[in-house]
Amino acid sequence: MTELLIRKLVKNHEQVKDPAVRAAYGTAAVAVGIVTNLVLFAGKITVGLLFSSVSIIADAVNSLSDAGSSLITLVGVKISAKPADPDHPYGHERAEYICGFLVSLVILLLGIELCKGSVAKIFNPEVLQFSWLTVVILAVSALLKLWQGRFYKNIAARIDSTSILAAGVDSINDVVSTTAVLAALLISHFTGKNLDGIMGLAVALFILRAGVEIAKETLNQLLGEAPDEEMVKAIEEKIMSYEGVLGIHDLMVHCYGPSQYFATVHAEVSSSVPIMESHDLIDNIERDVMTDMGIHLVIHMDPLETDNPEIDRLRKIADEAVFEIDPKLSIHDFRVVTGPSHCNLIFDVTIPFKYPITPERLKTRIQEGLDAREKGLYAVVNIDLPYSGTMHTS
């Protein structure tokens, strides 16, 4: 069914990297969502009002809110498909994150209102009327929501859409809530215990939980969360696969939408290699990363002296002093400035986030480590954070 709908609604559906095709996927997902949610709302609200069930009415309103959320998602998909312009040189794809957050707010407001109504029903219960028609409608609703959730997740995986994935998660949550309402209805019928208000409250709390999770995920993306570890590893392995690259550090990855990634990194090359040759290597890497991974990469060259025994010896001393403090630490951008009375060892040290040792204390301990190994060595240290979210050595 999913494949049939995709073929009918999305032209050139195999070209998912094409912005127009991606937008068509999003529009198709939203259109299917609006239709199915309106159908579900109509069925649930009818039986909910006929048989005075607050839990079924709550579930019906949830379906209606899903239709409204789908409209917000559609707006996000349309805006994100707009090309870059002078005011937004990185494109508009973050609009999907904003719309995902708006969907979470709708869900949260709905959950709060349903909590109020359900609590009132618990303290002032009404006689719950049973109908097998209600059972059938709720069962069909749960199955339709299960299919809808899988449909959303299928589309989200194809086009890497956060807002559509959020809709998919919400649909799967609705399967649980509708099933719970159905169970409460059957229990009430066969045992005589009215669980309508209690189950309505449970559904409302379930809705609130989903809203919080979606809000947290979309806000993290808007604030600038750490890139996926697998992506970072793939970038590092790709760069290090080129002969002539001795090491990398200070990798930073910025995301401006599902398909808009920009990255910068420092790549160490031998200072003995002609600069034009190294520049040609860097150009090739940047071009290949864009072609193969779709990432706009900018590389800064760091020349290393690879044939100077004295610098190698001093680098080893610095490595040992830092490693002695904590094996997780790493140094890079190492260089030496010598003078008649002392020698400055200039380098950066990458530390994890929330590191227990303050930068000032860490610098002091590094200097103590150098003093213990050789007099006249002074550490000029810059402290770095792992902006890619992972620690690695150059």
# chains A, B, ... in the order shown; residues from 1 in each chain; ligands from 1
>>> residues_around(residues="A:Ala204", least_positions_apart="5", cutoff="6 Å", atoms="only C-alpha atoms", output="NGL selection string")
:A and (111 or 114-115)
>>> select_by_dssp(residues="stretch 132-375 of chain A", states="strand (DSSP E or B)", output="number ranges by chain")
A: 247-255, 261-270, 295-304, 330-338, 343-350
>>> write_last_selection(atoms="N, CA and C atoms", output="CSV table (one decimal), in the first residue's frame")
chain,number,residue,atom,x,y,z
A,247,GLY,N,47.3,13.5,9.9
A,247,GLY,CA,46.4,13.6,11.0
A,247,GLY,C,45.4,14.6,10.8
A,248,ILE,N,44.3,14.6,11.6
A,248,ILE,CA,43.3,15.6,11.6
A,248,ILE,C,42.9,16.0,13.0
A,249,HIS,N,42.3,17.2,13.2
A,249,HIS,CA,41.8,17.6,14.5
A,249,HIS,C,40.9,18.8,14.2
A,250,ASP,N,40.2,19.2,15.3
A,250,ASP,CA,39.3,20.4,15.3
A,250,ASP,C,38.2,20.2,14.2
A,251,LEU,N,37.6,19.0,14.1
A,251,LEU,CA,36.5,18.8,13.2
A,251,LEU,C,35.3,19.4,13.8
A,252,MET,N,34.6,20.2,13.0
A,252,MET,CA,33.3,20.9,13.4
A,252,MET,C,32.3,20.6,12.3
A,253,VAL,N,31.2,20.1,12.7
A,253,VAL,CA,30.1,19.8,11.7
A,253,VAL,C,28.9,20.7,12.1
A,254,HIS,N,28.3,21.4,11.2
A,254,HIS,CA,27.2,22.3,11.4
A,254,HIS,C,26.0,21.8,10.5
A,255,CYS,N,24.8,21.6,11.1
A,255,CYS,CA,23.7,21.2,10.3
A,255,CYS,C,22.7,22.3,10.2
A,261,TYR,N,24.7,20.1,5.3
A,261,TYR,CA,25.8,19.9,6.3
A,261,TYR,C,27.0,20.6,5.8
A,262,PHE,N,27.6,21.4,6.8
A,262,PHE,CA,28.8,22.1,6.5
A,262,PHE,C,29.8,21.7,7.6
A,263,ALA,N,31.1,21.5,7.2
A,263,ALA,CA,32.1,21.0,8.1
A,263,ALA,C,33.4,21.7,7.9
A,264,THR,N,34.2,21.9,8.9
A,264,THR,CA,35.6,22.4,8.8
A,264,THR,C,36.5,21.5,9.6
A,265,VAL,N,37.7,21.3,9.2
A,265,VAL,CA,38.7,20.5,9.9
A,265,VAL,C,40.1,20.9,9.6
A,266,HIS,N,41.0,20.6,10.5
A,266,HIS,CA,42.4,20.9,10.3
A,266,HIS,C,43.1,19.6,9.9
A,267,ALA,N,43.8,19.6,8.8
A,267,ALA,CA,44.5,18.4,8.3
A,267,ALA,C,46.0,18.6,8.3
A,268,GLU,N,46.7,17.7,8.9
A,268,GLU,CA,48.1,17.9,9.0
A,268,GLU,C,48.8,17.2,7.8
A,269,VAL,N,49.7,18.0,7.2
A,269,VAL,CA,50.5,17.5,6.1
A,269,VAL,C,52.0,17.8,6.3
A,270,SER,N,52.8,17.1,5.6
A,270,SER,CA,54.2,17.3,5.8
A,270,SER,C,54.7,18.7,5.2
A,295,ILE,N,28.5,16.7,1.9
A,295,ILE,CA,28.9,17.6,3.0
A,295,ILE,C,29.9,18.7,2.4
A,296,HIS,N,29.5,20.0,2.7
A,296,HIS,CA,30.4,21.1,2.3
A,296,HIS,C,31.6,21.2,3.3
A,297,LEU,N,32.7,20.7,2.8
A,297,LEU,CA,33.9,20.6,3.7
A,297,LEU,C,34.9,21.7,3.4
A,298,VAL,N,35.4,22.4,4.4
A,298,VAL,CA,36.5,23.3,4.3
A,298,VAL,C,37.7,22.8,5.1
A,299,ILE,N,38.9,22.6,4.5
A,299,ILE,CA,40.0,22.1,5.3
A,299,ILE,C,41.1,23.1,5.4
A,300,HIS,N,41.6,23.2,6.6
A,300,HIS,CA,42.7,24.1,6.9
A,300,HIS,C,44.0,23.2,7.0
A,301,MET,N,45.0,23.6,6.3
A,301,MET,CA,46.2,22.8,6.3
A,301,MET,C,47.1,23.2,7.4
A,302,ASP,N,47.6,22.2,8.2
A,302,ASP,CA,48.6,22.4,9.2
A,302,ASP,C,49.9,21.7,8.8
A,303,PRO,N,50.9,22.4,8.4
A,303,PRO,CA,52.2,21.8,8.0
A,303,PRO,C,53.0,21.2,9.3
A,304,LEU,N,53.4,20.0,9.2
A,304,LEU,CA,54.2,19.4,10.2
A,304,LEU,C,55.6,19.1,9.7
A,330,SER,N,44.4,14.6,24.2
A,330,SER,CA,45.2,14.5,23.1
A,330,SER,C,45.8,15.9,22.7
A,331,ILE,N,46.9,16.0,22.1
A,331,ILE,CA,47.5,17.2,21.7
A,331,ILE,C,47.6,17.3,20.1
A,332,HIS,N,47.6,18.6,19.7
A,332,HIS,CA,47.7,18.8,18.2
A,332,HIS,C,48.3,20.2,18.0
A,333,ASP,N,48.5,20.5,16.7
A,333,ASP,CA,49.1,21.8,16.4
A,333,ASP,C,50.4,22.1,17.2
A,334,PHE,N,51.2,21.1,17.2
A,334,PHE,CA,52.5,21.2,18.0
A,334,PHE,C,53.5,21.9,17.2
A,335,ARG,N,54.2,22.9,17.8
A,335,ARG,CA,55.3,23.6,17.2
A,335,ARG,C,56.2,24.1,18.3
A,336,VAL,N,57.4,24.4,17.9
A,336,VAL,CA,58.5,24.8,18.9
A,336,VAL,C,59.1,26.1,18.6
A,337,VAL,N,59.3,26.9,19.6
A,337,VAL,CA,60.0,28.2,19.4
A,337,VAL,C,61.2,28.2,20.4
A,338,THR,N,62.4,28.2,19.9
A,338,THR,CA,63.6,28.0,20.8
A,338,THR,C,64.2,29.4,21.0
A,343,CYS,N,62.9,27.0,25.9
A,343,CYS,CA,62.2,26.5,24.7
A,343,CYS,C,60.7,26.5,24.9
A,344,ASN,N,59.9,27.2,24.1
A,344,ASN,CA,58.5,27.2,24.2
A,344,ASN,C,57.9,26.0,23.4
A,345,LEU,N,57.1,25.2,24.0
A,345,LEU,CA,56.4,24.1,23.3
A,345,LEU,C,54.9,24.6,23.2
A,346,ILE,N,54.5,24.9,22.0
A,346,ILE,CA,53.2,25.5,21.7
A,346,ILE,C,52.3,24.4,21.1
A,347,PHE,N,51.2,24.2,21.8
A,347,PHE,CA,50.3,23.1,21.3
A,347,PHE,C,48.9,23.3,21.9
A,348,ASP,N,47.9,22.6,21.3
A,348,ASP,CA,46.5,22.6,21.8
A,348,ASP,C,46.2,21.2,22.4
A,349,VAL,N,45.4,21.3,23.4
A,349,VAL,CA,44.9,20.0,24.1
A,349,VAL,C,43.4,20.0,24.1
A,350,THR,N,42.9,18.8,23.6
A,350,THR,CA,41.5,18.6,23.5
A,350,THR,C,41.0,17.9,24.7
>>> closest_residue(among="A:Asp384, A:Asp66, A:Val61, A:Ile198", to="A:Ile172", atoms="only C-alpha atoms")
A:Asp66
>>> atom_distance(atom1="atom CA of A:Lys116", atom2="atom CA of A:Ile207")
13.2 Å
>>> select_by_dssp(residues="stretch 177-257 of chain A", states="alpha helix (DSSP H)", output="MDAnalysis selection string")
chainID A and resid 177:191 196:223 229:240
>>> closest_residue(among="A:Pro19, A:Pro309, A:Gly192, A:Gly149", to="A:Asn173", atoms="only C-alpha atoms")
A:Gly149
>>> closest_residue(among="A:Gly68, A:Tyr256, A:Ala226, A:Val273", to="A:Leu102", atoms="only C-alpha atoms")
A:Gly68
>>> residues_around(residues="A:Cys99", least_positions_apart="6", cutoff="8 Å", atoms="only C-alpha atoms", output="list in words")
Ile72, Thr73, Val75, Gly76 and Ser163 of chain A
>>> write_last_selection(atoms="N, CA and C atoms", output="PDB file, in the first residue's frame")
ATOM      1  N   ILE A  72       0.649  21.943   9.735  1.00  0.00           N
ATOM      2  CA  ILE A  72       1.872  22.648  10.137  1.00  0.00           C
ATOM      3  C   ILE A  72       3.088  21.993   9.479  1.00  0.00           C
ATOM      4  N   THR A  73       3.082  20.663   9.460  1.00  0.00           N
ATOM      5  CA  THR A  73       4.177  19.937   8.814  1.00  0.00           C
ATOM      6  C   THR A  73       4.265  20.280   7.336  1.00  0.00           C
ATOM      7  N   VAL A  75       3.417  23.077   5.923  1.00  0.00           N
ATOM      8  CA  VAL A  75       4.038  24.402   5.811  1.00  0.00           C
ATOM      9  C   VAL A  75       5.557  24.278   5.928  1.00  0.00           C
ATOM     10  N   GLY A  76       6.015  23.465   6.885  1.00  0.00           N
ATOM     11  CA  GLY A  76       7.456  23.272   7.066  1.00  0.00           C
ATOM     12  C   GLY A  76       8.113  22.665   5.849  1.00  0.00           C
ATOM     13  N   SER A 163      10.358  16.469  10.986  1.00  0.00           N
ATOM     14  CA  SER A 163       8.955  16.753  11.269  1.00  0.00           C
ATOM     15  C   SER A 163       8.062  15.566  10.911  1.00  0.00           C
TER      16      SER A 163
END
>>> atom_distance(atom1="atom CA of A:Ala67", atom2="atom CA of A:Asn37")
5.4 Å
>>> residues_around(residues="stretch 21-25 of chain A", least_positions_apart="4", cutoff="12 Å", atoms="only C-alpha atoms", output="PyMOL selection string")
chain A and resi 2-3+5-17+29-32+73-83+93+96+151-161+164+258-259
>>> residues_around(residues="A:Leu281", least_positions_apart="4", cutoff="10 Å", atoms="only C-alpha atoms", output="PyMOL selection string")
chain A and resi 242-245+269+275-277+285-286
>>> closest_residue(among="A:Ala372, A:Leu133, A:Leu222, A:Ala84", to="A:Thr46", atoms="only C-alpha atoms")
A:Leu133
>>> closest_atom_pairs(of="stretch 186-251 of chain A", to="stretch 106-110 of chain A", cutoff="9 Å", atoms="only C-alpha atoms", output="JSON lines")
{"residue": "A:Ala204", "atom": "CA", "partner": "A:Leu110", "partner_atom": "CA", "distance": 7.9}
{"residue": "A:Ile207", "atom": "CA", "partner": "A:Ile107", "partner_atom": "CA", "distance": 6.6}
{"residue": "A:Leu208", "atom": "CA", "partner": "A:Leu108", "partner_atom": "CA", "distance": 5.2}
{"residue": "A:Arg209", "atom": "CA", "partner": "A:Leu108", "partner_atom": "CA", "distance": 8.3}
{"residue": "A:Ala210", "atom": "CA", "partner": "A:Ile107", "partner_atom": "CA", "distance": 7.7}
{"residue": "A:Gly211", "atom": "CA", "partner": "A:Leu108", "partner_atom": "CA", "distance": 5.2}
{"residue": "A:Val212", "atom": "CA", "partner": "A:Leu108", "partner_atom": "CA", "distance": 7.2}
>>> write_last_selection(atoms="C-alpha atoms", output="PDB file, in the first residue's frame")
ATOM      1  CA  ALA A 204      -3.792  12.624  28.183  1.00  0.00           C
ATOM      2  CA  ILE A 207      -0.041  12.625  24.839  1.00  0.00           C
ATOM      3  CA  LEU A 208       1.893  15.011  27.121  1.00  0.00           C
ATOM      4  CA  ARG A 209       4.855  12.642  27.211  1.00  0.00           C
ATOM      5  CA  ALA A 210       4.938  12.459  23.403  1.00  0.00           C
ATOM      6  CA  GLY A 211       4.772  16.263  23.188  1.00  0.00           C
ATOM      7  CA  VAL A 212       7.708  16.688  25.571  1.00  0.00           C
TER       8      VAL A 212
END
>>> residues_around(residues="A:Phe41", least_positions_apart="5", cutoff="6 Å", atoms="only C-alpha atoms", output="PyMOL selection string")
chain A and resi 60+63-64
>>> write_last_selection(atoms="N, CA and C atoms", output="PDB file, in the first residue's frame")
ATOM      1  N   ALA A  60     -10.578  11.192  19.988  1.00  0.00           N
ATOM      2  CA  ALA A  60     -11.039  11.837  18.755  1.00  0.00           C
ATOM      3  C   ALA A  60     -10.384  13.198  18.569  1.00  0.00           C
ATOM      4  N   SER A  63      -6.949  12.896  17.341  1.00  0.00           N
ATOM      5  CA  SER A  63      -6.873  12.684  15.887  1.00  0.00           C
ATOM      6  C   SER A  63      -7.054  13.995  15.133  1.00  0.00           C
ATOM      7  N   LEU A  64      -7.963  14.846  15.619  1.00  0.00           N
ATOM      8  CA  LEU A  64      -8.162  16.138  14.971  1.00  0.00           C
ATOM      9  C   LEU A  64      -6.908  17.010  15.090  1.00  0.00           C
TER      10      LEU A  64
END
>>> residues_around(residues="A:Ser141", least_positions_apart="5", cutoff="10 Å", atoms="only C-alpha atoms", output="list in words")
Thr36, Asn37, Val39, Leu40, Phe41, Gly43, Lys44, Ser63, Val135, Val136, Leu146, Trp147, Asp174, Val175, Thr178 and Thr179 of chain A
>>> closest_residue(among="A:Glu113, A:Leu314, A:Phe353, A:Gly257", to="A:Tyr90", atoms="only C-alpha atoms")
A:Gly257
>>> atom_distance(atom1="atom CA of A:Leu38", atom2="atom CA of A:Val140")
14.0 Å
